[in-house]
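For reference, the structure discussed in these notes is given below.
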Amino acid sequence: MSNDASMKTRPLPLNFGPLRGANGNARVKGPCGDTMEFWVFVKDHAIVDCTFTSDGCYHSIMVGSAGAGLIKGLSLDKVKNINEQNILAIAGDIPEESIHCALLAVKTISAAIDDYHKRIAAVSGKNGPDTGGKSDDEALCANGRPSDKKPQNGAEDGLLLARRMTDIRHKLVVLSGKGGVGKSTVAVNLAVALAMRGKQVGLLDTDIHGPSIPMMLDMTGTAAVSDGVDILPVPVKGLANLKAVSIGFMLHNPDEAVIWRGPMKMGVIRQFLGNVKWGALDYLIVDCPPGTGDEPLSVVQLLGKSASAVIVTTPQEMSAADVRKSVNFCRQLNLPIMGVVENMAGFVCPGCGRKTDIFRAGGGARLAKAFHVPFLGSIPIDPVIGDSCDEGTPFVKKHPGLSAVDLFAGITDKLIRADEGTEKIIGRNPDKSLSSTKENPMKIAVPVADGRLTAHFGHCGSFAIIDADQETRKIIKRQDVSAPPHEPGLLPKWLAEQGVNMIIAGGMGQRAQGLFQERKIKVIAGAPSETPEKLVGAFLDGTLQPGDNTCDH
């Protein structure tokens, strides 16, 4: 850990606290003077939620994150047996000189549990007042120590993410199946170009292992901050309407290697989307690392149907062959493709301005034609572009007279027109099996109990049947009908007779889903317990984030 005083004042919003509704909290200082703080929420004698913060080094972040994930779901008795080796096994490769960070995490977790027990004793006492039949946990929350808000569970996290995403009009994921094609250059300059046209833009760097956005924006050493609840995106110098988030803003040393496994990367990307206070944006540009692995998959799954892709390649066939995998990746995930950008399309001589094709020309256009997707345009190799990247000033801003800037402006124009609906986006057509008009609307059935979706689909007392127009994304009307008597195989026939063509359910077995599919009724399982209007509205906006299917029959 570093003893540099400037490091210690740097806020750290990864896995930050405080946890809403936490009823156990402790802050412990380590031997190097760094501190770690944990918040825990306890229910039925088990940890149901946990967050932490640290002002220490990168390895302190790793072990804190690993510790928070490790104890979630464990009983308090099992938490007592957690040691630093258990945490190190999850955190990954921690150098010997930083192993004491894991011991600090263990001590802080133990202190947070002790704090929970002290608060319980203060509320009820060993021989204290009667809690009115409530459990210790309920009594603690009822007495407002320290908050009467419930912790966020998986479903609430999904709704928070959905609410964040509804504030963002357009989400563009910049992808490439191959590294070294200039994908980050395209993402950064696209974000800057949109911001220069007056759009409110967010730029998200999801390359956990090689974040380049801070350097390309001359923001190396800039620290992300938190308002105590949310991560605040970092304003970009010289552009008030552009803000960015990158793992690079959260590391003390930009040369530090980030050694994380898939689940940890997924968790951080979820935080970058759901726990960042992006606010209202016209565009969110997401720069993904090359390939079709953890980061792009996590981004697409979390953004849902409201996102679309921009694919970057270089002209030679070797690059285009790898980038084809990105096209197929998008199609397998039903991610609409805005088009293909060809980067490094010929070398522009800085002396005479003559363009020479170093690679075989036209690979991007051929790729777009082969897959029937739009070709957005080509950007040449120009030393000025490379210099701009190294200097941290995007070339579209620094060199307005450059021919490459004009070419990039044409690409930006096409994307804006496509998002405004004046150009076709490949893949962004309504599901024809669910097409609707005002004369023939969608009918979506939601099993309800106490006004919310119930997980007991086959035994619910009633259904909310909602007519919706998918084109206008509006709910037309709602009708509540009593469910028929429970009989095996009856519900598919009965709902089909009601005109239902889609079901939003908490859980449904595979056999039941097959029966509905036979009647051309689509099923979305794993939906959270929310009101039917919220669920249908989220589906129409493309922000419904289903979780685990609660039925495994």
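Following the order of the structure tokens, chains are lettered A, B, ..., residues in each are numbered from 1, and ligands are numbered from 1.
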Problem - Contacts of A:Val323 within 6 Å, only C-alpha atoms, excl. fewer than 2 positions in-chain, as a PyMOL selection string - result: chain A and resi 176-177+320-321+325-326
For those residues, write C-alpha atoms to a file as a JSON list (two decimals), in the first residue's frame.
```
[["chain", "number", "residue", "atom", "x", "y", "z"],
["A", 176, "SER", "CA", -14.42, -5.21, -32.80],
["A", 177, "GLY", "CA", -13.46, -8.86, -32.98],
["A", 320, "ALA", "CA", -12.26, -8.41, -41.47],
["A", 321, "ALA", "CA", -12.26, -12.18, -40.91],
["A", 325, "LYS", "CA", -17.23, -12.76, -35.33],
["A", 326, "SER", "CA", -18.47, -9.46, -33.89]]
```
Taking only C-alpha atoms into account, produce a table as a tab-separated table in which each residue of stretch 216-252 of chain A with an atom at most 12 Å from an atom of stretch 262-283 of chain A appears once, together with its shortest atom pair and the distance in Å to one decimal, ordered by chain and rising number.
```
residue	atom	partner	partner_atom	distance
A:Ala224	CA	A:Val276	CA	10.5
A:Val225	CA	A:Val276	CA	10.3
A:Ser226	CA	A:Val276	CA	8.9
A:Asp227	CA	A:Lys277	CA	9.4
A:Gly228	CA	A:Asn275	CA	11.2
A:Val229	CA	A:Asn275	CA	8.2
A:Asp230	CA	A:Asn275	CA	5.4
A:Ile231	CA	A:Val276	CA	4.5
A:Leu232	CA	A:Lys277	CA	5.5
A:Pro233	CA	A:Trp278	CA	6.6
A:Val234	CA	A:Trp278	CA	9.9
A:Pro235	CA	A:Trp278	CA	10.9
A:Asn241	CA	A:Leu281	CA	9.0
A:Leu242	CA	A:Leu281	CA	9.4
A:Lys243	CA	A:Trp278	CA	8.3
A:Ala244	CA	A:Trp278	CA	9.2
A:Val245	CA	A:Phe272	CA	7.3
A:Ser246	CA	A:Phe272	CA	8.3
A:Ile247	CA	A:Val268	CA	8.6
A:Phe249	CA	A:Phe272	CA	11.9
A:Met250	CA	A:Val268	CA	11.3
```
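Minimum distance to A:Asp387 across A:Leu407, A:Arg164, A:Thr185, A:Ile213 (counting only C-alpha atoms) occurs at A:Thr185.
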Handout entry: Residue neighbourhood A:Thr108, 9 Å, only C-alpha atoms, exclusion window fewer than 5 positions, as a list in words
Key = Asn25, Ala26, Arg27, Val28, Lys29, Met36, Glu37, Phe38, Leu103 and Ile113 of chain A
Exercise for the section: Write out as a ChimeraX atom specification the residues lying within 9 Å of A:Gln513, counting only C-alpha atoms and excluding same-chain residues fewer than 5 positions away. Expected result: /A:508,518,521-523
Based on the selection just made, write N, CA and C atoms of those residues as a PDB file, in the first residue's frame.
```pdb
ATOM      1  N   MET A 508     -41.266 -19.859 -14.691  1.00  0.00           N
ATOM      2  CA  MET A 508     -42.092 -20.808 -15.417  1.00  0.00           C
ATOM      3  C   MET A 508     -41.211 -21.956 -15.891  1.00  0.00           C
ATOM      4  N   GLU A 518     -46.335 -23.397 -28.303  1.00  0.00           N
ATOM      5  CA  GLU A 518     -47.176 -24.099 -29.275  1.00  0.00           C
ATOM      6  C   GLU A 518     -48.375 -23.250 -29.690  1.00  0.00           C
ATOM      7  N   ILE A 521     -47.525 -18.008 -27.996  1.00  0.00           N
ATOM      8  CA  ILE A 521     -47.496 -17.035 -26.899  1.00  0.00           C
ATOM      9  C   ILE A 521     -46.065 -16.960 -26.379  1.00  0.00           C
ATOM     10  N   LYS A 522     -45.452 -15.795 -26.488  1.00  0.00           N
ATOM     11  CA  LYS A 522     -44.077 -15.618 -26.027  1.00  0.00           C
ATOM     12  C   LYS A 522     -44.045 -15.468 -24.512  1.00  0.00           C
ATOM     13  N   VAL A 523     -42.995 -16.037 -23.873  1.00  0.00           N
ATOM     14  CA  VAL A 523     -42.862 -15.979 -22.419  1.00  0.00           C
ATOM     15  C   VAL A 523     -41.552 -15.292 -22.050  1.00  0.00           C
TER      16      VAL A 523
END
```
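In this comparison, which uses only C-alpha atoms, the residue of A:Ala527, A:Ile285, A:Ala223, A:Cys50 approaching A:Leu74 most closely is A:Cys50.
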Practice task
Please identify all polymer residues within 12 Å of A:Asp413, counting only C-alpha atoms, omitting same-chain residues fewer than 4 positions from it, and present them as a list in words.
Solution key: Leu190, Ala193, Leu194, Arg197, Leu376, Gly377, Asp406, Leu407, Phe408, Ala409, Arg417, Ala418, Asp419, Glu420, Thr422 and Glu423 of chain A
All helix (DSSP H, G or I) residues (DSSP, backbone) inside stretch 20-98 of chain A, as a PDB file with C-alpha atoms, in the first residue's frame:
```
ATOM      1  CA  TYR A  58      -5.508  -1.513  -5.965  1.00  0.00           C
ATOM      2  CA  HIS A  59      -4.951  -4.782  -4.095  1.00  0.00           C
ATOM      3  CA  SER A  60      -6.968  -3.417  -1.184  1.00  0.00           C
ATOM      4  CA  ILE A  61      -9.812  -2.885  -3.651  1.00  0.00           C
ATOM      5  CA  MET A  62      -9.498  -6.448  -4.892  1.00  0.00           C
ATOM      6  CA  VAL A  63      -9.604  -8.092  -1.468  1.00  0.00           C
ATOM      7  CA  GLY A  64     -12.386  -5.794  -0.253  1.00  0.00           C
ATOM      8  CA  SER A  65     -14.501  -6.639  -3.283  1.00  0.00           C
ATOM      9  CA  ALA A  66     -13.730 -10.334  -2.843  1.00  0.00           C
ATOM     10  CA  GLY A  67     -14.629 -10.182   0.862  1.00  0.00           C
ATOM     11  CA  ALA A  68     -17.924  -8.394   0.202  1.00  0.00           C
ATOM     12  CA  GLY A  69     -18.894 -10.992  -2.367  1.00  0.00           C
ATOM     13  CA  LEU A  70     -17.735 -13.895  -0.218  1.00  0.00           C
ATOM     14  CA  ILE A  71     -19.836 -13.155   2.855  1.00  0.00           C
ATOM     15  CA  LEU A  76     -23.305 -15.069  10.763  1.00  0.00           C
ATOM     16  CA  ASP A  77     -21.836 -18.261  12.217  1.00  0.00           C
ATOM     17  CA  LYS A  78     -20.073 -19.040   8.941  1.00  0.00           C
ATOM     18  CA  VAL A  79     -18.858 -15.473   8.566  1.00  0.00           C
ATOM     19  CA  GLU A  84      -7.659 -14.130   4.804  1.00  0.00           C
ATOM     20  CA  GLN A  85      -6.918 -17.298   2.811  1.00  0.00           C
ATOM     21  CA  ASN A  86     -10.600 -17.597   1.867  1.00  0.00           C
ATOM     22  CA  ILE A  87     -10.552 -14.028   0.563  1.00  0.00           C
ATOM     23  CA  LEU A  88      -7.252 -14.439  -1.262  1.00  0.00           C
ATOM     24  CA  ALA A  89      -8.606 -17.515  -3.043  1.00  0.00           C
ATOM     25  CA  ILE A  90     -11.300 -15.316  -4.621  1.00  0.00           C
ATOM     26  CA  ALA A  91      -9.294 -12.121  -5.116  1.00  0.00           C
ATOM     27  CA  GLU A  96       3.049 -11.154  -0.803  1.00  0.00           C
ATOM     28  CA  GLU A  97       3.639  -7.575   0.305  1.00  0.00           C
ATOM     29  CA  SER A  98      -0.122  -6.862  -0.022  1.00  0.00           C
TER      30      SER A  98
END
```
Handout entry: Contacts of A:Val310 within 12 Å, only C-alpha atoms, excl. fewer than 3 positions in-chain, as JSON, numbers by chain
Key = {"A": [171, 172, 173, 174, 175, 176, 177, 183, 184, 186, 187, 190, 285, 286, 287, 288, 307, 313, 323, 326, 327, 330, 335, 336, 337, 338, 339, 340, 341, 342, 368, 373, 374, 375, 376, 377, 411, 412, 414, 415, 418, 425, 426]}
Keeping N, CA and C atoms for every residue in the selection just given, could you write it to a file as a CSV table (one decimal), in the first residue's frame?
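Output file result10.csv is given in full below:
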```csv
chain,number,residue,atom,x,y,z
A,171,LYS,N,-27.9,4.3,-27.1
A,171,LYS,CA,-26.8,3.6,-26.5
A,171,LYS,C,-26.0,2.9,-27.6
A,172,LEU,N,-24.8,3.3,-27.9
A,172,LEU,CA,-24.0,2.8,-29.0
A,172,LEU,C,-22.8,2.0,-28.4
A,173,VAL,N,-22.8,0.7,-28.7
A,173,VAL,CA,-21.7,-0.1,-28.2
A,173,VAL,C,-20.7,-0.3,-29.4
A,174,VAL,N,-19.4,0.2,-29.1
A,174,VAL,CA,-18.4,0.1,-30.2
A,174,VAL,C,-17.6,-1.2,-30.0
A,175,LEU,N,-17.7,-2.0,-31.0
A,175,LEU,CA,-17.1,-3.4,-30.9
A,175,LEU,C,-16.1,-3.7,-32.0
A,176,SER,N,-15.3,-4.7,-31.8
A,176,SER,CA,-14.4,-5.2,-32.8
A,176,SER,C,-14.0,-6.6,-32.4
A,177,GLY,N,-13.9,-7.5,-33.3
A,177,GLY,CA,-13.5,-8.9,-33.0
A,177,GLY,C,-12.0,-8.9,-32.9
A,183,LYS,N,-10.4,1.0,-32.3
A,183,LYS,CA,-11.7,1.0,-31.8
A,183,LYS,C,-11.9,2.1,-30.8
A,184,SER,N,-11.0,2.3,-29.9
A,184,SER,CA,-11.1,3.3,-28.8
A,184,SER,C,-11.0,4.7,-29.5
A,186,VAL,N,-12.1,5.5,-32.4
A,186,VAL,CA,-13.4,5.8,-33.0
A,186,VAL,C,-14.4,6.1,-31.9
A,187,ALA,N,-14.4,5.4,-30.8
A,187,ALA,CA,-15.3,5.6,-29.7
A,187,ALA,C,-15.1,7.0,-29.1
A,190,LEU,N,-16.0,9.8,-31.7
A,190,LEU,CA,-17.5,9.8,-31.9
A,190,LEU,C,-18.2,10.5,-30.8
A,285,ILE,N,-21.9,6.3,-25.3
A,285,ILE,CA,-21.0,5.5,-26.1
A,285,ILE,C,-20.2,4.5,-25.2
A,286,VAL,N,-20.3,3.3,-25.5
A,286,VAL,CA,-19.6,2.2,-24.7
A,286,VAL,C,-18.5,1.7,-25.5
A,287,ASP,N,-17.2,1.9,-25.0
A,287,ASP,CA,-16.0,1.3,-25.7
A,287,ASP,C,-15.7,0.0,-25.1
A,288,CYS,N,-15.9,-1.1,-25.9
A,288,CYS,CA,-15.6,-2.4,-25.4
A,288,CYS,C,-14.2,-2.9,-25.8
A,307,ALA,N,-30.0,-1.0,-27.0
A,307,ALA,CA,-28.7,-0.6,-27.5
A,307,ALA,C,-28.5,-1.0,-28.9
A,313,THR,N,-13.3,-2.1,-38.1
A,313,THR,CA,-12.4,-3.0,-38.7
A,313,THR,C,-11.3,-2.2,-39.4
A,323,VAL,N,-13.3,-9.7,-37.5
A,323,VAL,CA,-14.5,-8.8,-37.1
A,323,VAL,C,-15.8,-9.4,-37.5
A,326,SER,N,-17.7,-10.5,-34.6
A,326,SER,CA,-18.5,-9.5,-33.9
A,326,SER,C,-19.9,-9.3,-34.5
A,327,VAL,N,-19.9,-9.4,-35.8
A,327,VAL,CA,-21.3,-9.3,-36.5
A,327,VAL,C,-22.1,-10.5,-36.0
A,330,CYS,N,-23.3,-10.0,-32.5
A,330,CYS,CA,-24.5,-9.1,-32.4
A,330,CYS,C,-25.8,-9.8,-32.8
A,335,LEU,N,-28.6,-7.9,-31.1
A,335,LEU,CA,-28.1,-6.5,-31.0
A,335,LEU,C,-28.1,-5.8,-32.3
A,336,PRO,N,-28.9,-4.8,-32.6
A,336,PRO,CA,-29.0,-4.1,-33.9
A,336,PRO,C,-27.6,-3.5,-34.2
A,337,ILE,N,-27.3,-3.6,-35.5
A,337,ILE,CA,-26.0,-3.1,-36.0
A,337,ILE,C,-26.2,-1.8,-36.8
A,338,MET,N,-25.6,-0.7,-36.2
A,338,MET,CA,-25.7,0.6,-36.9
A,338,MET,C,-24.9,0.6,-38.2
A,339,GLY,N,-23.8,-0.1,-38.2
A,339,GLY,CA,-22.9,-0.1,-39.4
A,339,GLY,C,-21.5,-0.4,-39.0
A,340,VAL,N,-20.7,-0.5,-40.1
A,340,VAL,CA,-19.3,-0.8,-40.0
A,340,VAL,C,-18.4,0.5,-40.3
A,341,VAL,N,-17.4,0.7,-39.5
A,341,VAL,CA,-16.5,1.8,-39.7
A,341,VAL,C,-15.1,1.1,-40.1
A,342,GLU,N,-14.6,1.6,-41.2
A,342,GLU,CA,-13.2,1.1,-41.6
A,342,GLU,C,-12.2,2.1,-41.2
A,368,ALA,N,-19.4,-5.2,-44.8
A,368,ALA,CA,-20.7,-4.7,-44.6
A,368,ALA,C,-21.7,-5.2,-45.7
A,373,VAL,N,-25.2,-5.0,-43.8
A,373,VAL,CA,-25.3,-4.0,-42.8
A,373,VAL,C,-24.8,-2.7,-43.4
A,374,PRO,N,-25.1,-1.5,-42.9
A,374,PRO,CA,-24.6,-0.3,-43.5
A,374,PRO,C,-23.1,-0.1,-43.4
A,375,PHE,N,-22.5,0.5,-44.4
A,375,PHE,CA,-21.1,0.8,-44.3
A,375,PHE,C,-21.1,2.3,-44.0
A,376,LEU,N,-20.5,2.7,-42.9
A,376,LEU,CA,-20.6,4.1,-42.4
A,376,LEU,C,-19.5,5.0,-43.0
A,377,GLY,N,-18.4,4.4,-43.3
A,377,GLY,CA,-17.3,5.2,-43.9
A,377,GLY,C,-15.9,4.7,-43.5
A,411,ILE,N,-19.6,10.1,-41.0
A,411,ILE,CA,-19.9,8.9,-40.2
A,411,ILE,C,-20.9,9.3,-39.1
A,412,THR,N,-20.6,10.4,-38.4
A,412,THR,CA,-21.4,10.9,-37.3
A,412,THR,C,-22.8,11.3,-37.8
A,414,LYS,N,-24.4,10.1,-40.3
A,414,LYS,CA,-25.2,8.8,-40.6
A,414,LYS,C,-25.8,8.2,-39.3
A,415,LEU,N,-25.0,8.2,-38.3
A,415,LEU,CA,-25.4,7.7,-37.0
A,415,LEU,C,-26.6,8.5,-36.4
A,418,ALA,N,-29.7,7.9,-38.4
A,418,ALA,CA,-30.2,6.6,-38.1
A,418,ALA,C,-31.0,6.6,-36.8
A,425,ILE,N,-31.9,1.1,-39.5
A,425,ILE,CA,-30.9,0.4,-38.6
A,425,ILE,C,-31.1,-1.1,-38.8
A,426,ILE,N,-30.1,-1.8,-39.2
A,426,ILE,CA,-30.3,-3.2,-39.4
A,426,ILE,C,-30.5,-3.9,-38.1
```
